[in-house]
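Q: The file below is input-v1.txt, compact mmCIF, C-alpha atoms:
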```
# COMPACT_ATOMS: atom_id res chain seq x y z
CA MET A 1 3.55 -0.07 6.43
CA TYR A 2 0.95 1.99 8.30
CA ILE A 3 -1.90 0.35 6.37
CA CYS A 4 -0.55 -3.13 7.10
CA SER A 5 -0.27 -2.24 10.79
CA MET A 6 -3.80 -0.86 10.87
CA ILE A 7 -5.26 -3.90 9.10
CA THR A 8 -3.31 -6.23 11.42
CA PHE A 9 -4.60 -4.33 14.47
CA ILE A 10 -8.22 -4.43 13.24
CA ILE A 11 -8.00 -8.19 12.56
CA ALA A 12 -6.31 -8.91 15.89
CA PHE A 13 -8.83 -6.77 17.79
CA THR A 14 -11.79 -8.44 16.03
CA VAL A 15 -10.42 -11.95 16.60
CA THR A 16 -9.86 -11.21 20.31
CA ILE A 17 -13.29 -9.67 20.93
CA VAL A 18 -15.06 -12.49 19.08
CA ALA A 19 -13.08 -15.12 21.00
CA ILE A 20 -14.09 -13.52 24.32
CA ALA A 21 -17.73 -13.39 23.20
CA ASP A 22 -17.51 -17.04 22.15
CA ILE A 23 -16.28 -18.03 25.62
CA VAL A 24 -19.22 -16.22 27.22
CA ALA A 25 -21.63 -17.83 24.76
CA TYR A 26 -20.17 -21.28 25.37
CA ARG A 27 -20.52 -20.95 29.13
CA ARG A 28 -24.13 -19.92 28.68
CA LEU A 29 -24.93 -22.80 26.33
CA ALA A 30 -22.83 -25.59 27.85
CA HIS A 31 -25.02 -26.17 30.89
CA ARG A 32 -28.01 -26.65 28.60
CA ILE A 33 -26.30 -29.50 26.72
CA SER A 34 -26.76 -32.73 28.66
CA SER A 35 -24.12 -34.88 26.93
CA ALA A 36 -20.37 -34.46 27.22
CA ALA A 37 -20.03 -35.25 23.51
CA GLY A 38 -22.33 -32.36 22.65
CA ARG A 39 -20.33 -29.93 24.78
CA ILE A 40 -17.08 -31.15 23.22
CA ALA A 41 -18.54 -30.76 19.72
CA LEU A 42 -19.65 -27.20 20.50
CA ALA A 43 -16.21 -26.32 21.92
CA CYS A 44 -14.45 -27.81 18.88
CA ALA A 45 -16.71 -25.89 16.47
CA ILE A 46 -15.95 -22.61 18.27
CA ILE A 47 -12.21 -23.31 18.39
CA ILE A 48 -12.07 -24.16 14.66
CA ALA A 49 -14.04 -21.03 13.75
CA ASP A 50 -11.85 -18.80 15.90
CA THR A 51 -8.55 -20.19 14.58
CA LEU A 52 -9.37 -19.74 10.87
CA PRO A 53 -7.58 -16.32 10.72
CA TYR A 54 -4.34 -18.07 11.69
CA THR A 55 -4.39 -20.14 8.49
CA PRO A 56 -2.15 -17.67 6.55
CA LEU A 57 0.46 -17.81 9.33
CA ALA A 58 0.37 -21.62 9.35
CA LEU A 59 0.81 -21.76 5.57
CA MET A 60 3.74 -19.35 5.76
CA LEU A 61 5.48 -21.68 8.21
CA LEU A 62 4.67 -24.87 6.26
CA PHE A 63 5.49 -23.80 2.71
CA SER A 64 8.56 -22.13 1.26
CA ASP A 65 6.57 -20.08 -1.26
CA ASN A 66 3.18 -18.50 -1.89
CA SER A 67 1.55 -20.66 -4.54
CA THR A 68 -1.86 -20.21 -6.12
CA ALA A 69 -3.08 -23.12 -4.00
CA THR A 70 -1.89 -21.59 -0.71
CA MET A 71 -3.46 -18.27 -1.68
CA HIS A 72 -6.78 -19.99 -2.36
CA ILE A 73 -6.64 -21.86 0.95
CA THR A 74 -5.87 -18.61 2.76
CA MET A 75 -8.68 -16.73 1.06
CA TRP A 76 -11.20 -19.53 1.65
CA ALA A 77 -10.21 -19.59 5.34
CA LEU A 78 -10.69 -15.83 5.67
CA THR A 79 -13.92 -15.95 3.66
CA LEU A 80 -15.27 -18.72 5.88
CA TYR A 81 -14.19 -16.81 8.99
CA THR A 82 -16.09 -13.76 7.75
CA LEU A 83 -19.18 -15.84 6.96
CA LEU A 84 -19.11 -17.42 10.43
CA THR A 85 -18.03 -14.43 12.49
CA LEU A 86 -20.05 -11.40 11.35
CA PRO A 87 -23.40 -13.19 11.76
CA ARG A 88 -22.29 -14.35 15.25
CA ILE A 89 -21.51 -10.77 16.17
CA GLY A 90 -25.03 -9.81 15.05
CA LEU A 91 -26.44 -12.58 17.24
CA TYR A 92 -24.28 -11.76 20.24
CA ILE A 93 -25.14 -8.05 20.24
CA TRP A 94 -28.77 -8.97 20.91
CA TRP A 95 -28.44 -12.20 22.85
CA LEU A 96 -25.47 -11.96 25.22
CA PRO A 97 -26.59 -8.86 27.18
CA ALA A 98 -30.21 -10.06 27.31
CA LYS A 99 -29.79 -12.86 29.88
CA GLY A 100 -32.16 -15.26 28.19
CA ARG A 101 -34.94 -13.01 26.88
CA ARG A 102 -36.65 -14.84 24.03
CA ALA A 103 -37.37 -11.63 22.08
CA ASN A 104 -33.69 -10.74 22.06
CA LEU A 105 -32.75 -14.25 20.92
CA ILE A 106 -35.19 -14.02 18.01
CA ALA A 107 -33.90 -10.55 17.11
CA GLY A 108 -30.32 -11.88 17.22
CA ILE A 109 -31.13 -14.86 15.02
CA CYS A 110 -32.86 -12.59 12.48
CA THR A 111 -29.90 -10.20 12.49
CA ALA A 112 -27.43 -13.06 12.02
CA ALA A 113 -29.51 -14.49 9.16
CA ALA A 114 -29.67 -11.10 7.43
CA ILE A 115 -25.91 -10.56 7.75
CA PHE A 116 -25.21 -14.08 6.48
CA GLY A 117 -27.48 -13.47 3.48
CA VAL A 118 -25.64 -10.25 2.58
CA LEU A 119 -22.27 -11.99 2.84
CA ILE A 120 -23.33 -14.95 0.70
CA TYR A 121 -24.66 -12.50 -1.89
CA GLY A 122 -21.24 -10.83 -1.88
CA VAL A 123 -19.54 -14.17 -2.58
CA VAL A 124 -21.97 -15.60 -5.13
CA LYS A 125 -23.29 -12.51 -6.93
CA THR A 126 -21.50 -9.19 -6.31
CA ARG A 127 -18.00 -10.67 -6.69
CA ASN A 128 -18.63 -11.28 -10.41
CA ASP A 129 -21.32 -8.69 -11.12
CA VAL A 130 -19.31 -6.38 -13.37
CA GLU A 131 -20.52 -2.78 -13.37
CA VAL A 132 -19.90 -0.45 -16.32
CA ARG A 133 -19.79 3.05 -14.87
CA ASN A 134 -20.06 5.99 -17.26
CA VAL A 135 -18.29 9.22 -16.30
CA GLU A 136 -18.14 12.41 -18.36
CA MET A 137 -15.27 14.86 -17.81
CA SER A 138 -14.80 18.27 -19.42
CA PHE A 139 -11.44 19.96 -20.00
CA ASP A 140 -10.71 23.34 -21.54
CA ASN A 141 -7.34 22.16 -22.96
CA LEU A 142 -8.65 19.01 -24.65
CA PRO A 143 -8.13 19.20 -28.44
CA SER A 144 -11.45 19.62 -30.23
CA THR A 145 -10.77 16.51 -32.32
CA PHE A 146 -10.89 14.45 -29.09
CA ASP A 147 -14.23 15.89 -27.98
CA GLY A 148 -16.32 12.80 -27.16
CA TYR A 149 -13.30 10.47 -26.96
CA ARG A 150 -14.18 7.42 -24.86
CA ILE A 151 -11.76 5.50 -22.64
CA ALA A 152 -12.53 2.17 -20.94
CA LEU A 153 -10.55 1.81 -17.70
CA PHE A 154 -10.16 -1.41 -15.73
CA SER A 155 -7.69 -2.51 -13.09
CA ASP A 156 -6.65 -5.11 -10.50
CA VAL A 157 -7.69 -8.35 -12.17
CA HIS A 158 -5.65 -10.55 -9.78
CA ILE A 159 -5.88 -13.64 -11.98
CA GLY A 160 -4.38 -15.94 -9.35
CA THR A 161 -7.21 -15.37 -6.88
CA MET A 162 -10.07 -15.77 -9.32
CA LEU A 163 -12.12 -18.93 -8.79
CA ASN A 164 -12.61 -19.48 -12.52
CA PRO A 165 -10.12 -17.08 -14.13
CA GLN A 166 -10.68 -18.05 -17.75
CA LYS A 167 -14.44 -17.66 -17.52
CA GLU A 168 -14.25 -14.49 -15.41
CA CYS A 169 -11.72 -12.86 -17.75
CA ARG A 170 -13.90 -13.64 -20.76
CA ARG A 171 -16.79 -11.94 -18.99
CA VAL A 172 -14.68 -8.83 -18.40
CA VAL A 173 -13.48 -8.78 -22.03
CA GLU A 174 -17.06 -9.03 -23.30
CA ALA A 175 -18.13 -6.15 -21.06
CA ILE A 176 -15.21 -3.98 -22.23
CA ASN A 177 -15.86 -4.70 -25.90
CA MET A 178 -19.54 -3.80 -25.50
CA THR A 179 -18.50 -0.26 -24.49
CA HIS A 180 -17.00 0.33 -27.99
CA ALA A 181 -14.35 2.52 -26.37
CA ASP A 182 -11.78 4.39 -28.46
CA ALA A 183 -8.99 3.19 -26.15
CA VAL A 184 -8.71 0.74 -23.25
CA LEU A 185 -6.44 1.45 -20.27
CA PHE A 186 -5.39 -1.06 -17.62
CA GLY A 187 -4.26 0.15 -14.18
CA GLY A 188 -2.04 -2.69 -12.98
CA ASP A 189 -2.13 -5.91 -10.90
CA LEU A 190 -2.94 -8.33 -13.67
CA VAL A 191 -1.64 -11.28 -11.62
CA ASN A 192 -1.63 -11.89 -7.91
CA ILE A 193 1.69 -13.60 -7.11
CA ARG A 194 3.63 -14.67 -10.24
CA HIS A 195 3.63 -14.42 -14.01
CA THR A 196 2.59 -18.08 -14.52
CA GLU A 197 -0.95 -17.19 -13.46
CA LEU A 198 -1.31 -15.60 -16.89
CA THR A 199 -1.72 -18.91 -18.71
CA PRO A 200 -1.89 -19.12 -22.53
CA GLN A 201 -5.65 -19.74 -22.27
CA ILE A 202 -6.24 -16.63 -20.16
CA ALA A 203 -3.91 -14.57 -22.34
CA LYS A 204 -5.91 -15.69 -25.39
CA ALA A 205 -9.08 -14.42 -23.72
CA LEU A 206 -7.55 -11.08 -22.73
CA GLU A 207 -6.04 -10.42 -26.13
CA GLN A 208 -9.58 -10.31 -27.52
CA ILE A 209 -10.08 -6.82 -26.06
CA ARG A 210 -10.86 -4.51 -28.98
CA SER A 211 -10.66 -0.75 -29.33
CA ARG A 212 -9.81 1.68 -32.11
CA ASP A 213 -6.55 2.83 -30.52
CA GLY A 214 -5.53 -0.31 -28.65
CA VAL A 215 -4.89 -1.31 -25.05
CA TYR A 216 -2.39 0.51 -22.79
CA ALA A 217 -1.23 -1.02 -19.50
CA ILE A 218 1.01 -0.49 -16.49
CA LEU A 219 2.32 -2.82 -13.81
CA GLY A 220 1.09 -2.92 -10.21
CA ASN A 221 2.78 -4.09 -7.02
CA HIS A 222 1.50 -7.67 -7.43
CA ASP A 223 2.86 -7.75 -10.99
CA ARG A 224 6.32 -7.05 -9.61
CA GLY A 225 6.31 -10.40 -7.81
CA VAL A 226 6.86 -8.79 -4.41
CA TYR A 227 4.88 -11.57 -2.69
CA ILE A 228 7.07 -14.36 -4.06
CA LYS A 229 8.87 -15.92 -1.07
CA ASP A 230 11.21 -18.24 -2.97
CA SER A 231 12.99 -15.53 -4.93
CA VAL A 232 15.97 -17.84 -5.55
CA ARG A 233 13.98 -20.02 -7.94
CA LEU A 234 12.15 -17.02 -9.42
CA SER A 235 13.57 -13.59 -8.75
CA LEU A 236 11.36 -10.51 -8.67
CA GLU A 237 13.18 -9.10 -11.68
CA GLU A 238 12.75 -12.26 -13.74
CA ASN A 239 9.08 -12.51 -12.82
CA THR A 240 8.51 -8.90 -13.84
CA GLU A 241 10.26 -9.24 -17.18
CA ARG A 242 8.46 -12.47 -18.06
CA LEU A 243 5.10 -10.93 -17.25
CA ALA A 244 5.97 -7.80 -19.24
CA GLU A 245 6.79 -9.99 -22.24
CA GLN A 246 3.51 -11.87 -21.88
CA ILE A 247 1.57 -8.61 -21.74
CA ARG A 248 3.24 -7.34 -24.90
CA ASP A 249 2.55 -10.67 -26.61
CA MET A 250 -1.16 -10.07 -25.98
CA GLY A 251 -0.90 -6.96 -28.11
CA TRP A 252 -1.15 -4.55 -25.18
CA GLN A 253 1.22 -1.58 -25.09
CA LEU A 254 3.00 -1.73 -21.75
CA LEU A 255 4.05 1.69 -20.45
CA ARG A 256 6.95 1.56 -18.03
CA ASP A 257 7.81 5.18 -17.22
CA SER A 258 7.06 5.91 -20.86
CA VAL A 259 4.64 7.81 -23.08
CA ALA A 260 2.38 6.83 -25.98
CA TYR A 261 0.59 9.32 -28.22
CA ILE A 262 -2.85 8.98 -29.74
CA HIS A 263 -3.37 11.10 -32.83
CA ARG A 264 -6.39 12.64 -34.45
CA GLY A 265 -5.27 14.60 -37.50
CA ALA A 266 -2.78 17.22 -36.38
CA ASP A 267 -3.81 16.86 -32.71
CA SER A 268 -2.66 14.34 -30.14
CA ILE A 269 -3.03 13.37 -26.50
CA ALA A 270 -0.39 11.67 -24.37
CA ILE A 271 -0.92 8.45 -22.38
CA VAL A 272 1.74 8.32 -19.68
CA GLY A 273 2.46 5.15 -17.72
CA ILE A 274 4.09 5.32 -14.28
CA ASP A 275 5.91 2.04 -13.74
CA PHE A 276 5.76 0.34 -10.34
CA SER A 277 9.46 0.88 -9.84
CA ASP A 278 11.62 0.15 -6.82
CA ALA A 279 10.92 3.70 -5.66
CA LEU A 280 7.26 2.75 -5.11
CA LEU A 281 7.75 -0.59 -3.36
CA ASP A 282 7.84 0.98 0.10
CA TYR A 283 4.48 2.62 -0.60
CA LYS A 284 2.53 -0.46 -1.70
CA HIS A 285 0.80 -0.57 1.69
CA SER A 286 0.93 3.11 2.49
CA PHE A 287 -1.25 6.09 1.68
CA ASP A 288 1.60 8.61 1.85
CA THR A 289 2.74 10.48 -1.24
CA PRO A 290 6.01 8.91 -2.48
CA GLU A 291 8.86 11.27 -1.69
CA ASN A 292 11.57 9.47 -3.65
CA LEU A 293 9.75 9.18 -6.99
CA ASN A 294 11.21 11.34 -9.75
CA VAL A 295 8.77 11.71 -12.65
CA ALA A 296 10.26 14.81 -14.27
CA ASP A 297 12.24 12.82 -16.83
CA ILE A 298 9.10 10.98 -17.95
CA PHE A 299 7.15 14.15 -18.66
CA ARG A 300 10.00 16.34 -19.94
CA PRO A 301 9.78 15.21 -23.62
CA ILE A 302 6.03 15.88 -23.77
CA PRO A 303 5.16 19.23 -25.40
CA GLY A 304 3.76 21.56 -22.79
CA SER A 305 0.40 22.06 -24.47
CA THR A 306 -0.33 18.33 -24.87
CA PHE A 307 -3.32 16.95 -22.98
CA ARG A 308 -2.01 14.27 -20.62
CA ILE A 309 -3.64 11.17 -19.20
CA THR A 310 -1.48 9.37 -16.64
CA LEU A 311 -1.82 5.76 -15.51
CA SER A 312 -0.56 5.20 -11.96
CA HIS A 313 -1.38 2.09 -9.97
CA LEU A 314 -1.07 3.97 -6.67
CA PRO A 315 -3.63 6.81 -6.32
CA GLN A 316 -1.44 8.89 -4.02
CA VAL A 317 1.05 9.51 -6.84
CA TRP A 318 -1.57 11.98 -8.11
CA HIS A 319 -0.53 14.50 -5.43
CA LEU A 320 3.01 14.50 -6.80
CA LEU A 321 1.79 14.81 -10.41
CA ARG A 322 -0.68 17.55 -9.52
CA GLY A 323 1.91 19.52 -7.59
CA GLU A 324 4.18 19.59 -10.64
CA ASN A 325 1.30 20.23 -13.11
CA HIS A 326 2.24 17.07 -14.99
CA SER A 327 -1.15 15.46 -15.53
CA ASP A 328 -4.61 16.63 -16.55
CA LEU A 329 -6.23 13.31 -15.68
CA THR A 330 -4.72 10.56 -13.54
CA LEU A 331 -6.24 7.07 -13.56
CA ALA A 332 -5.50 4.62 -10.75
CA GLY A 333 -6.62 1.42 -9.01
CA HIS A 334 -5.01 -0.54 -6.15
CA VAL A 335 -7.55 0.22 -3.39
CA HIS A 336 -10.50 -1.99 -4.51
CA ALA A 337 -12.58 0.19 -2.14
CA SER A 338 -11.50 -2.53 0.32
CA GLN A 339 -14.06 -4.69 -1.57
CA ILE A 340 -16.69 -3.20 0.74
CA LYS A 341 -18.68 -0.14 -0.28
CA PHE A 342 -22.20 1.02 0.52
CA ARG A 343 -24.29 4.10 -0.14
CA CYS A 344 -25.76 5.94 2.84
CA LEU A 345 -27.46 9.36 2.71
CA GLY A 346 -26.04 9.96 -0.75
CA LYS A 347 -22.45 9.16 0.23
CA SER A 348 -20.26 6.13 -0.39
CA LEU A 349 -18.90 4.49 2.75
CA SER A 350 -16.07 1.98 2.97
CA PRO A 351 -13.32 0.83 5.37
CA ALA A 352 -10.96 2.30 2.76
CA MET A 353 -11.97 5.73 4.07
CA LEU A 354 -9.94 5.01 7.21
CA MET A 355 -6.76 4.50 5.21
CA TYR A 356 -6.93 6.66 2.09
CA LYS A 357 -7.91 10.25 1.50
CA GLU A 358 -8.79 9.30 -2.07
CA TRP A 359 -10.10 5.76 -2.36
CA SER A 360 -12.80 5.44 -5.06
CA GLY A 361 -14.26 7.47 -7.90
CA LEU A 362 -13.51 11.01 -9.04
CA TYR A 363 -11.48 13.71 -7.27
CA GLU A 364 -10.44 17.17 -8.44
CA GLU A 365 -7.99 19.78 -7.20
CA GLN A 366 -6.58 22.82 -8.94
CA GLY A 367 -7.84 21.70 -12.33
CA SER A 368 -6.24 18.25 -12.13
CA ARG A 369 -8.42 15.16 -11.77
CA LEU A 370 -7.99 11.68 -10.36
CA TYR A 371 -10.23 8.72 -10.97
CA ILE A 372 -9.81 5.53 -8.92
CA ASN A 373 -11.27 2.37 -10.42
CA ASP A 374 -12.58 -0.21 -7.91
CA GLY A 375 -10.89 -3.07 -9.75
CA ILE A 376 -12.07 -6.44 -11.01
CA GLY A 377 -10.66 -9.19 -8.80
CA ALA A 378 -10.54 -9.96 -5.10
CA VAL A 379 -7.72 -10.16 -2.57
CA GLY A 380 -7.94 -11.38 1.02
CA PHE A 381 -11.34 -13.04 0.70
CA PHE A 382 -13.59 -14.24 -2.12
CA MET A 383 -16.11 -11.50 -1.54
CA ARG A 384 -17.23 -8.07 -2.67
CA LEU A 385 -19.82 -6.29 -0.57
CA GLY A 386 -21.34 -3.45 -2.57
CA ALA A 387 -18.03 -2.72 -4.31
CA ARG A 388 -18.84 -4.37 -7.63
CA PRO A 389 -16.07 -5.14 -10.15
CA GLU A 390 -15.78 -1.96 -12.22
CA ILE A 391 -15.16 -0.98 -15.80
CA THR A 392 -15.13 2.78 -16.08
CA VAL A 393 -16.06 4.43 -19.37
CA ILE A 394 -14.71 7.97 -19.34
CA GLU A 395 -15.96 10.30 -22.04
CA LEU A 396 -13.70 13.29 -22.57
CA LYS A 397 -15.43 16.54 -23.46
CA ARG A 398 -14.05 19.92 -24.46
CA GLU A 399 -15.38 22.82 -22.43
```
So that I can check it, write out the structure of this file as structure tokens.
A:
Amino acid sequence: MYICSMITFIIAFTVTIVAIADIVAYRRLAHRISSAAGRIALACAIIIADTLPYTPLALMLLFSDNSTATMHITMWALTLYTLLTLPRIGLYIWWLPAKGRRANLIAGICTAAAIFGVLIYGVVKTRNDVEVRNVEMSFDNLPSTFDGYRIALFSDVHIGTMLNPQKECRRVVEAINMTHADAVLFGGDLVNIRHTELTPQIAKALEQIRSRDGVYAILGNHDRGVYIKDSVRLSLEENTERLAEQIRDMGWQLLRDSVAYIHRGADSIAIVGIDFSDALLDYKHSFDTPENLNVADIFRPIPGSTFRITLSHLPQVWHLLRGENHSDLTLAGHVHASQIKFRCLGKSLSPAMLMYKEWSGLYEEQGSRLYINDGIGAVGFFMRLGARPEITVIELKRE
């Protein structure tokens, strides 16, 4: 709940500051507009822009459930608010304190135009510009027969909030198949609200993923149907089971607190899937390590010398796995790098840094490694700024 509270505070603070700045700007501009109609039009435009963030609240009050349509309306409202607000902030920083200096007005307009251009690029280009990131990892306990084994990892598709899900999913499938990976792993959140988002047409596209050893998947918090409001018509449990059946029908092996083995001759590695169980629901918007998650029973049947790759939707589960020496490599998603990520002085920067200790890429402690994939889809707004949709190709090497 801490993350939700922080995000709510940031949004509320931003909305308030922008609204105050808009009032100051209106007072400065109004006396320059000779007609009453012009002043009314300016006031209405400012009011509409400033009330866009309240669209989700209005939809919650009007509709008994979160449909794909209401999610799209919400995301378009927040996207439009971002497109209108951040450039205004760039303008106001230069213009409001300047008291009419022309140079400051020009600088503000240029800043606003630059910000608007970056945001539009994030909507039109970066949101669908899939990046294949190659990562090599060496382990001293990896069986020699798996030296050079290649895994393609993707996560967080969020079908329900794609603008053209069938086309976008086909693009992802093509990119995965071009990696010629030995195995494909999916890190959860295939749908956004409910199982019906996975239509037969989209399922047909996703089942075209090809790899020598198949596709292994886990469920994420969105897959559990936790954002369904009308749980009388469709319970969380029913939604989860229907989606699980659909995933298996695609030919993917769904791991729900279970283990699959991949063999090469006499050697094998274990793929462990941590299900998004009830024990994790309280942590879906938290960066704390789950205290009530018992994974011992999942790992107990695995021979102690077996190399273990664990799929966990939540990255913070890694701390629990690492503390118990359960996993050599943990693969996660969930964070999306907040869909905003930039490089500065050789480091990646993102709002996700304020909420998660581990939020994107590779981490290592005490010989155990965690890799967080930045995901494919978008949640909140139809935009990715720098944080491109990611397919990670991990090549395992023996030290």
Q: Would you place a box with edges along x, y and z of the file around all atoms of segment 93-107 of chain A listed there, add 5 Å to each of its six sides, and report the centre and edge lengths in Å to one decimal, as JSON?
A:
```
{"center_x": -31.3, "center_y": -11.7, "center_z": 23.5, "size_x": 22.2, "size_y": 17.2, "size_z": 22.8}
```
Q: Can you build me a table of segment 168-229 of chain A residues sitting at most 12 Å from segment 53-62 of chain A, with the closest atom pair per residue and its distance in Å to one decimal, using all atoms listed in the file, sorted by chain and residue number, as a Markdown table?
A:
```
| residue | atom | partner | partner_atom | distance |
| --- | --- | --- | --- | --- |
| A:Tyr227 | CA | A:Met60 | CA | 11.5 |
| A:Ile228 | CA | A:Met60 | CA | 11.5 |
| A:Lys229 | CA | A:Met60 | CA | 9.2 |
```
Q: Which neighbours of Asp50 of chain A fall inside 8 Å, counting only C-alpha atoms, when residues of the same chain fewer than 6 positions from it are skipped, and could you give them as number ranges by chain?
A: A: 15, 18-19, 81
Q: Put those residues in a file: C-alpha atoms, as a compact mmCIF listing (two decimals), in the coordinates of the input.
A:
```
# COMPACT_ATOMS: atom_id res chain seq x y z
CA VAL A 15 -10.42 -11.95 16.60
CA VAL A 18 -15.06 -12.49 19.08
CA ALA A 19 -13.08 -15.12 21.00
CA TYR A 81 -14.19 -16.81 8.99
```
Q: To one decimal place, how far is atom CA of Phe139 of chain A from atom CA of Thr289 of chain A in Å?
A: 25.4 Å
Q: Show which residues sit within 12 Å of segment 102-105 of chain A, as a list in words. Count all atoms listed in the file, and ignore same-chain residues fewer than 4 positions away.
A: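 Those residues are Arg88, Gly90, Leu91, Tyr92, Ile93, Trp94, Trp95, Leu96, Pro97, Ala98, Ile109, Cys110, Thr111 and Ala112 of chain A.
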Q: Using the selection just defined, write its residues with C-alpha atoms as a tab-separated table (two decimals), in the frame of the given file.
A:
```tsv
chain	number	residue	atom	x	y	z
A	88	ARG	CA	-22.29	-14.35	15.25
A	90	GLY	CA	-25.03	-9.81	15.05
A	91	LEU	CA	-26.44	-12.58	17.24
A	92	TYR	CA	-24.28	-11.76	20.24
A	93	ILE	CA	-25.14	-8.05	20.24
A	94	TRP	CA	-28.77	-8.97	20.91
A	95	TRP	CA	-28.44	-12.20	22.85
A	96	LEU	CA	-25.47	-11.96	25.22
A	97	PRO	CA	-26.59	-8.86	27.18
A	98	ALA	CA	-30.21	-10.06	27.31
A	109	ILE	CA	-31.13	-14.86	15.02
A	110	CYS	CA	-32.86	-12.59	12.48
A	111	THR	CA	-29.90	-10.20	12.49
A	112	ALA	CA	-27.43	-13.06	12.02
```
Q: Grab the atom CA of Ile47 of chain A to atom CA of Tyr121 of chain A distance for me, in Å with one decimal place.
A: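 Going from atom CA of Ile47 of chain A over to atom CA of Tyr121 of chain A, I get 26.1 Å.
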Q: Select, from A:Ile120, A:Leu206, A:Ile46, A:Leu370, the residue with the minimum atom-to-atom distance to Met250 of chain A, counting only C-alpha atoms.
A: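 Using only C-alpha atoms, the shortest distance to Met250 of chain A belongs to A:Leu206.
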Q: So that I can see what lies close to Leu314 of chain A, please list as a PDB file with C-alpha atoms, in the frame of the given file the residues with an atom at most 10 Å from it, counting all atoms listed in the file and leaving out residues fewer than 2 positions away in the same chain.
A:
```
ATOM      1  CA  GLY A 187      -4.260   0.150 -14.180  1.00  0.00           C
ATOM      2  CA  GLY A 188      -2.040  -2.690 -12.980  1.00  0.00           C
ATOM      3  CA  GLY A 220       1.090  -2.920 -10.210  1.00  0.00           C
ATOM      4  CA  ASN A 221       2.780  -4.090  -7.020  1.00  0.00           C
ATOM      5  CA  ILE A 274       4.090   5.320 -14.280  1.00  0.00           C
ATOM      6  CA  PHE A 276       5.760   0.340 -10.340  1.00  0.00           C
ATOM      7  CA  LEU A 280       7.260   2.750  -5.110  1.00  0.00           C
ATOM      8  CA  TYR A 283       4.480   2.620  -0.600  1.00  0.00           C
ATOM      9  CA  LYS A 284       2.530  -0.460  -1.700  1.00  0.00           C
ATOM     10  CA  HIS A 285       0.800  -0.570   1.690  1.00  0.00           C
ATOM     11  CA  SER A 286       0.930   3.110   2.490  1.00  0.00           C
ATOM     12  CA  PHE A 287      -1.250   6.090   1.680  1.00  0.00           C
ATOM     13  CA  THR A 289       2.740  10.480  -1.240  1.00  0.00           C
ATOM     14  CA  PRO A 290       6.010   8.910  -2.480  1.00  0.00           C
ATOM     15  CA  LEU A 311      -1.820   5.760 -15.510  1.00  0.00           C
ATOM     16  CA  SER A 312      -0.560   5.200 -11.960  1.00  0.00           C
ATOM     17  CA  GLN A 316      -1.440   8.890  -4.020  1.00  0.00           C
ATOM     18  CA  VAL A 317       1.050   9.510  -6.840  1.00  0.00           C
ATOM     19  CA  TRP A 318      -1.570  11.980  -8.110  1.00  0.00           C
ATOM     20  CA  LEU A 331      -6.240   7.070 -13.560  1.00  0.00           C
ATOM     21  CA  ALA A 332      -5.500   4.620 -10.750  1.00  0.00           C
ATOM     22  CA  GLY A 333      -6.620   1.420  -9.010  1.00  0.00           C
ATOM     23  CA  HIS A 334      -5.010  -0.540  -6.150  1.00  0.00           C
ATOM     24  CA  VAL A 335      -7.550   0.220  -3.390  1.00  0.00           C
ATOM     25  CA  ILE A 372      -9.810   5.530  -8.920  1.00  0.00           C
TER      26      ILE A 372
END
```
Q: Enter the distance from atom CA of Phe381 of chain A to atom CA of Glu358 of chain A, in Å, rounded to one decimal.
A: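 About the pair atom CA of Phe381 of chain A and atom CA of Glu358 of chain A: they are 22.7 Å apart.
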Q: Skip Asp189 of chain A itself and residues of its chain fewer than 2 positions away, then list as a ChimeraX atom specification all residues within 6 Å of it, counting only C-alpha atoms.
A: /A:156,158,191,220,222-223
Q: Give one line per residue of segment 179-281 of chain A that approaches segment 66-80 of chain A to at most 12 Å, naming the two atoms of the closest pair and their distance in Å to one decimal, counting only C-alpha atoms; sort by chain then ascending residue number and deliver it as JSON lines.
A:
```
{"residue": "A:Val191", "atom": "CA", "partner": "A:Thr68", "partner_atom": "CA", "distance": 10.5}
{"residue": "A:Asn192", "atom": "CA", "partner": "A:Thr68", "partner_atom": "CA", "distance": 8.5}
{"residue": "A:Ile193", "atom": "CA", "partner": "A:Asn66", "partner_atom": "CA", "distance": 7.3}
{"residue": "A:Arg194", "atom": "CA", "partner": "A:Ser67", "partner_atom": "CA", "distance": 8.5}
{"residue": "A:His195", "atom": "CA", "partner": "A:Thr68", "partner_atom": "CA", "distance": 11.2}
{"residue": "A:Thr196", "atom": "CA", "partner": "A:Thr68", "partner_atom": "CA", "distance": 9.7}
{"residue": "A:Glu197", "atom": "CA", "partner": "A:Thr68", "partner_atom": "CA", "distance": 8.0}
{"residue": "A:Leu198", "atom": "CA", "partner": "A:Thr68", "partner_atom": "CA", "distance": 11.7}
{"residue": "A:Gly225", "atom": "CA", "partner": "A:Asn66", "partner_atom": "CA", "distance": 10.5}
{"residue": "A:Val226", "atom": "CA", "partner": "A:Asn66", "partner_atom": "CA", "distance": 10.7}
{"residue": "A:Tyr227", "atom": "CA", "partner": "A:Asn66", "partner_atom": "CA", "distance": 7.2}
{"residue": "A:Ile228", "atom": "CA", "partner": "A:Asn66", "partner_atom": "CA", "distance": 6.1}
{"residue": "A:Lys229", "atom": "CA", "partner": "A:Asn66", "partner_atom": "CA", "distance": 6.3}
{"residue": "A:Asp230", "atom": "CA", "partner": "A:Asn66", "partner_atom": "CA", "distance": 8.1}
{"residue": "A:Ser231", "atom": "CA", "partner": "A:Asn66", "partner_atom": "CA", "distance": 10.7}
{"residue": "A:Leu234", "atom": "CA", "partner": "A:Asn66", "partner_atom": "CA", "distance": 11.8}
```
Q: Which polymer residues have any atom within 10 Å of an atom of Leu320 of chain A, counting only C-alpha atoms, with same-chain residues fewer than 4 positions away left out, as a list in words?
A: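 Close residues of Leu320 of chain A: Thr289, Pro290, Glu291, Leu293, Asn294, Val295, Gln316, Glu324, Asn325, His326 and Ser327 of chain A.
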